[in-house]
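S.K.: Have a look at the structure that comes next, please.
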4 protein chains.
Amino acid sequence: MPGATGGYGMIVVMESRATREQINDIVKKIQDAGLSSHISAGVERTIIGVVGDSHTKELLRQSLEASPAVEKVVLILQPFKLVSRDFRPHDSIIDVQGVRIGDGSVVVMAGPCSVESREQIVQTAHAVRTAGAVMLRGGAFKPRTSPYSFQGLEEEGLRYLAEARAETGLPVVTEAMDVSQLMLVIKYADMVQIGARNMQNYTLLREVGRAKYPVLLKRGPSATIQELLLAAEYIMSEGNYSVVLCERGIRGFDNYTRYLLDLSAVPVLKQLTHLPVIVDPSQASGKSKFVPPLSKAGVAAGADGLIVEVHPEPEKALSDGPQQITPDTFAQLMGELTPLAAALGRRVQAPAALRSR
Amino acid sequence: MPGATGGYGMIVVMESRATREQINDIVKKIQDAGLSSHISAGVERTIIGVVGDSHTKELLRQSLEASPAVEKVVLILQPFKLVSRDFRPHDSIIDVQGVRIGDGSVVVMAGPCSVESREQIVQTAHAVRTAGAVMLRGGAFKPRTSPYSFQGLEEEGLRYLAEARAETGLPVVTEAMDVSQLMLVIKYADMVQIGARNMQNYTLLREVGRAKYPVLLKRGPSATIQELLLAAEYIMSEGNYSVVLCERGIRGFDNYTRYLLDLSAVPVLKQLTHLPVIVDPSQASGKSKFVPPLSKAGVAAGADGLIVEVHPEPEKALSDGPQQITPDTFAQLMGELTPLAAALGRRVQAPAALRSR
Amino acid sequence: MPGATGGYGMIVVMESRATREQINDIVKKIQDAGLSSHISAGVERTIIGVVGDSHTKELLRQSLEASPAVEKVVLILQPFKLVSRDFRPHDSIIDVQGVRIGDGSVVVMAGPCSVESREQIVQTAHAVRTAGAVMLRGGAFKPRTSPYSFQGLEEEGLRYLAEARAETGLPVVTEAMDVSQLMLVIKYADMVQIGARNMQNYTLLREVGRAKYPVLLKRGPSATIQELLLAAEYIMSEGNYSVVLCERGIRGFDNYTRYLLDLSAVPVLKQLTHLPVIVDPSQASGKSKFVPPLSKAGVAAGADGLIVEVHPEPEKALSDGPQQITPDTFAQLMGELTPLAAALGRRVQAPAALRSR
Amino acid sequence: MPGATGGYGMIVVMESRATREQINDIVKKIQDAGLSSHISAGVERTIIGVVGDSHTKELLRQSLEASPAVEKVVLILQPFKLVSRDFRPHDSIIDVQGVRIGDGSVVVMAGPCSVESREQIVQTAHAVRTAGAVMLRGGAFKPRTSPYSFQGLEEEGLRYLAEARAETGLPVVTEAMDVSQLMLVIKYADMVQIGARNMQNYTLLREVGRAKYPVLLKRGPSATIQELLLAAEYIMSEGNYSVVLCERGIRGFDNYTRYLLDLSAVPVLKQLTHLPVIVDPSQASGKSKFVPPLSKAGVAAGADGLIVEVHPEPEKALSDGPQQITPDTFAQLMGELTPLAAALGRRVQAPAALRSR
């Protein structure tokens, strides 16, 4: 695979019926050409990345294409490959308990910054579902800049999230910061969030990659587009293709907003990758009053969805109160998103009837 | 007026019928209190800013309010004052030959980066007018990073712009980089653009302020929101209140786009100032393919309008070809903006019938 | 402790002979005042942070100061406390196997970006020791932007580092990215590096805090000074006070260098914290030719030391070749640092005679 | 000349004795090849830049080289050319009334942010001269973010500067923001400063280029290295080769310092250009306590000099008090720079005996 140094990379897409032996044959051919291989065993089929450079690469490509176990060989010009549109031209649709992220509709996830009590999360879940959210967010493990700030309810918070899901049918997305938290999140929730601060925590990315579990990957505040895509590549290269990207603001120099929402990143990412892209206007702006206009701008820029912080009493929130909107403001925003989506030839994805799980 | 050091500032709004003598009386009172004054003689009325700090400020305020020639005294907590919503709570509407910027509608200005020939600008003017633009843009004096790049057709370019206006009725906005250019722009065009590189060219800002002529003030790539507003304050403090602000991308760290469009700036500015705010998606992104999604995002974020670069043959453009869209793409974009604006409870401002001038 | 919301915080420093019971008494007093406590059990004494706000805080302070088990109560105005100069006015000296970081001398750590072979690291260790380095660096676990890049020799690399130390007596610093790596690093090395990408990996920071093992904490590329100090606070709040900070370049907008070395951070940090601060000119610039001038600038800015990448054959390096200098260039740089340090009233710390371990 | 689009450029250096006719011949040859030319008539010799691209460029080069009036043809790979080291491999030395900037020594300019009174500037000039400064700085025209801040004493300030020079022999550098100010500065001072806000004020750059007068060009806070060099190219392309570059801090995201001093820019610039580079630690940091360490770091990074703000009573300064150091602190800093420069194999340039003018 090419690094920043150029050259092109190759991905060998095996036939879905390819046997273990046939895969081993291909790997051997690659090694014989002086290159190394990287195997991603996906659910449907196995993908083999060809890593390194050799003057026999072109010969190898022809030989691989001639193999009956190989469906196709894809040439990649970017340092990222599985996330690239070169690899998969069509939009990926990530299914989270029936919510289809990336199918052209606008998916709205909502909920409080932190889970603070059973009552708070259940009440908020009902409110956001009524307003039209299709997924519930809420932090049980909170990455806080200061060790003295509220760090989340941990497993207790996860239990409350699961209860809120049971009552409302909304699938749950919540953050994990390490492997032990990941195991708990998988037990209780439906999608794991990798937060901005952990975007380049490669150990965690690999673990999530092995977990075969839907992932919401947030862009780090100083991450380039390419770094974000390579972080997703870490997850995909372990065989987990259920990745949704999230723009949540980068480091800017002004302080009227907490971070600087980079909405250009939305069309740029949609061009470079087949993965869905959503926008977090709450973390980005840090101020509730800017959440509605930035939500609308995100959708108009082409985002596949939004993740919005909603709290029944923002002024009493244990974390990030100033950026959380009330259920009323959220309901109003949802009311504005519906005609906006229609004007863009899209629709806001509606919550399913109460799901049985 | 308070600097970054805090304290509050005062603006004395004189009655419209206040005489020169009455104004002088007020100025004297201010001086007697150990403060200095800054007079803005606007079209309708005179505004006196009180500059400095003194322990007698509160007494002075009461005394000024008691004067029959004073309409009101406005207290300002920000370092900028005439641009502030504290000073004028309602949105300002800037009229440019009948185009009303800031009236709630979406105003679209379009045209090539540079005027390159009579034919090019007239042809583009007709095309953008047909598609729904209400103002024509085009550079006659071009600020170019390199002294060896095409620097614009200068006065010849201004003449072509005036001819394009005569044929289409579209008012013209074009850049001036110094006082001598400003005199020419005023002769031929309808609105002068102060470019991002000159946002803190205070000599030019003062001259434009004295010119009493509509101004499009672009944000510099490293300018904070406050610096942009203080640049506008330079213009207004000379008595010219016809200022439109423009977000055109700030310096970012990624290079998939040329600059980083800061759409948060739109709602932030709309909160802080009564002046209209438009968005330039072409300069910001530097790539034509990102212009349509960022145009829509800008409108959804609440911008009062857009300024879009359109060139009949972008691949042959003498400057910034990669960021200019074709007339066809522009027409398609305008077709998409109409329902978008409607969904937002707004409308795209339509070109007037061919104006006679 | 105050968050960003203001107010002052309190740290209760217990007498070194304070008993468990006395500590519990203090904690109870704090709780009775409606506040909560955070205990750091250090080697010498226990520190209790008072977290939260209450109108009885001042009364509490007086009561705590009156307790015979309390040495003193320190008021802190910053959100960080144990790292603050308010807490400890004198410079901390971190001892790593006899190397004293922060004692006023210039400590130079050097070695390759990655450990690539036994021969490579041993050869480099001898070379840098001869030139005057007092510690050996080298990555065994490499955080790479792409999953397809060389990821380090892992435990094998750690063994080679230990062998290089055995031959040269140089204590070893090397990176760990998760808890399992941390256990291995502690087994083989003398100081653990928390890399820039993991600066806000709070799970890892807490584990390192519990490990009571010298830590080199690198600033993340978008981390503010305060965020860096709060990351160090995570480590210290678990009782590990052996923390050295490292400026290694932040995200800039120019691409002549890889990152933007922020040398202002050196005097700013030296003012705010008692912890030592070193500079990494190699990661920052990404280009070997800028390493010598930036090394000298770092020392002149007041850094307690440098960490420099040195490779016997940079053009063949498996990672970051362009930023590694040769042993010859390093020897020349050390020759220049000696008079420079002297001119600043300091000295370059010399390697000890071959240490027996 | 190549733009960002690549290709190589050519500069034709004429023999110093080349006649007007010979120059015209060369220009004609260039035009006949389908290219255009850009003439810089310097004091010593004429330089002709070849602008544009043509398949006959290589033939043209050979033909030009064969001309007896041509000293040499220089190929340039960068978009900037006259500022490039490709054009002039040796360091340029800029002479300002006997002060030689760029000759290897450390040149220190010092003085207040603003000229505030005759007494203030004369007193400061004596103090900084005594401490070892070789040039006097002081603003008569002040670019202020707010129109309500002190804007400088204007021509009166220039007269005071000239008086301070008469008393101390120190050549004077001061800022001009437009052409009319430039004419006054030339009348009273010895070097004109183009401030950061005007770095891309191309009208002003051209005027300064035509003025053939020493220029101190400050980098804008969001200017890339290349943009700074192209701004210098504007000046040089008009025939003025007496340009000194100044790094004064770029826009950063932290607020412990006012701007972010980019000391990497010093070695990067020294590699790319033959022009001298100095550092302004006062504007960069905005805080007096950081001025001494950053001054030393700047010299250690290889800067040709410093420009330092010194005020007899910083707490009473009319502008930027917090960043100005006292004469005592300045004297101490100069005392530290002397051994530092010696350790670097350099010297601090000493003030001449009182010059008669």
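Letters for chains follow the order of the structure tokens (A, B, ...), residue numbers begin at 1 for each chain, and ligand numbers begin at 1 in the order shown.
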Hey, could you make a per-residue contact list for chain B against chain A with 10 Å as the cut-off, showing the nearest pair of atoms and its distance in Å to one decimal, counting only C-alpha atoms, sorted by chain and number, as CSV?
M.R.:
residue,atom,partner,partner_atom,distance
B:Ser222,CA,A:Phe253,CA,8.2
B:Ala223,CA,A:Asp254,CA,8.6
B:Thr224,CA,A:Asp254,CA,5.7
B:Ile225,CA,A:Asp254,CA,7.1
B:Gln226,CA,A:Asp254,CA,8.9
B:Ile250,CA,A:Gly252,CA,9.4
B:Arg251,CA,A:Gly252,CA,9.3
B:Gly252,CA,A:Gly252,CA,8.2
B:Phe253,CA,A:Thr224,CA,7.3
B:Asp254,CA,A:Thr224,CA,5.7
B:Asn255,CA,A:Thr224,CA,8.6
B:Tyr256,CA,A:Val268,CA,7.1
B:Thr257,CA,A:Ser264,CA,7.6
B:Tyr259,CA,A:Ser264,CA,9.5
B:Leu260,CA,A:Asp262,CA,7.0
B:Leu261,CA,A:Ser264,CA,6.7
B:Asp262,CA,A:Asp262,CA,6.8
B:Leu263,CA,A:Leu263,CA,7.3
B:Ser264,CA,A:Leu261,CA,6.7
B:Ala265,CA,A:Tyr256,CA,8.6
B:Val266,CA,A:Pro293,CA,8.9
B:Pro267,CA,A:Phe290,CA,6.5
B:Val268,CA,A:Tyr256,CA,7.1
B:Leu269,CA,A:Tyr256,CA,9.7
B:Gln271,CA,A:Lys289,CA,9.6
B:Pro281,CA,A:Ser264,CA,9.6
B:Ala284,CA,A:Ser264,CA,9.1
B:Ser285,CA,A:Ser264,CA,7.5
B:Lys289,CA,A:Pro267,CA,8.7
B:Phe290,CA,A:Pro267,CA,6.5
B:Val291,CA,A:Ser264,CA,9.6
B:Pro292,CA,A:Ala301,CA,8.5
B:Pro293,CA,A:Ala301,CA,4.7
B:Leu294,CA,A:Ala301,CA,5.8
B:Ser295,CA,A:Ala301,CA,8.2
B:Lys296,CA,A:Ala300,CA,5.5
B:Ala297,CA,A:Ala297,CA,4.2
B:Gly298,CA,A:Ala297,CA,6.5
B:Val299,CA,A:Ala297,CA,7.5
B:Ala300,CA,A:Ala297,CA,4.7
B:Ala301,CA,A:Pro293,CA,4.7
B:Gly302,CA,A:Pro293,CA,6.7
B:Glu336,CA,A:Leu344,CA,7.4
B:Leu337,CA,A:Ala343,CA,8.7
B:Thr338,CA,A:Ala343,CA,8.7
B:Pro339,CA,A:Ala343,CA,5.2
B:Leu340,CA,A:Ala343,CA,5.2
B:Ala341,CA,A:Ala343,CA,8.6
B:Ala342,CA,A:Ala343,CA,8.1
B:Ala343,CA,A:Leu340,CA,5.2
B:Leu344,CA,A:Leu340,CA,6.8
B:Gly345,CA,A:Glu336,CA,9.5
S.K.: Give the helix (DSSP H, G or I) residues of range 25-216 of chain C, as DSSP finds them on the backbone, and put them as number ranges by chain.
M.R.: C: 25-32, 57-65, 118-131, 155-168, 179-188, 196-198, 202-211
S.K.: Would you mind telling me which residue in D:Val185, D:Val244, D:Ala176, D:Leu272 lies nearest to Arg100 in chain D when using only C-alpha atoms?
M.R.: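 Smallest distance to Arg100 in chain D is found for D:Val244.
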S.K.: Could you list, as a list in words, every residue within 10 Å of Val122 in chain D, counting only C-alpha atoms and ignoring same-chain residues fewer than 3 positions away?
M.R.: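 Contacts, with the query itself left out: Gly111, Val115, Ser117, Arg118, Glu119, Ala125, His126, Ala127, Leu136, Tyr160, Leu161, Ala162, Glu163, Ala164, Arg165, Ala166, Glu167 and Thr168 of chain D.
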S.K.: What is the CA of Asn240 in chain B-CA of Gly305 in chain B distance in Å, reported with one decimal?
M.R.: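 About the pair CA of Asn240 in chain B and CA of Gly305 in chain B: they are 20.8 Å apart.
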S.K.: So which residues touch Gly49 in chain A within 7 Å, counting only C-alpha atoms, skipping near sequence neighbours fewer than 2 positions away, as a PyMOL selection string?
M.R.: chain A and resi 10-12+37-39+47+51
S.K.: Per DSSP on the backbone, what are the strand (DSSP E or B) residues of range 6-197 of chain D, as a VMD selection string?
M.R.: chain D and resid 9 to 14 36 to 41 46 to 51 70 to 76 84 94 to 96 99 to 101 106 to 111 114 135 to 137 139 172 to 175 191 to 194
S.K.: For CA of Phe87 in chain C and CA of His274 in chain C, determine how far apart the two atoms are, in Å to one decimal place.
M.R.: 8.7 Å
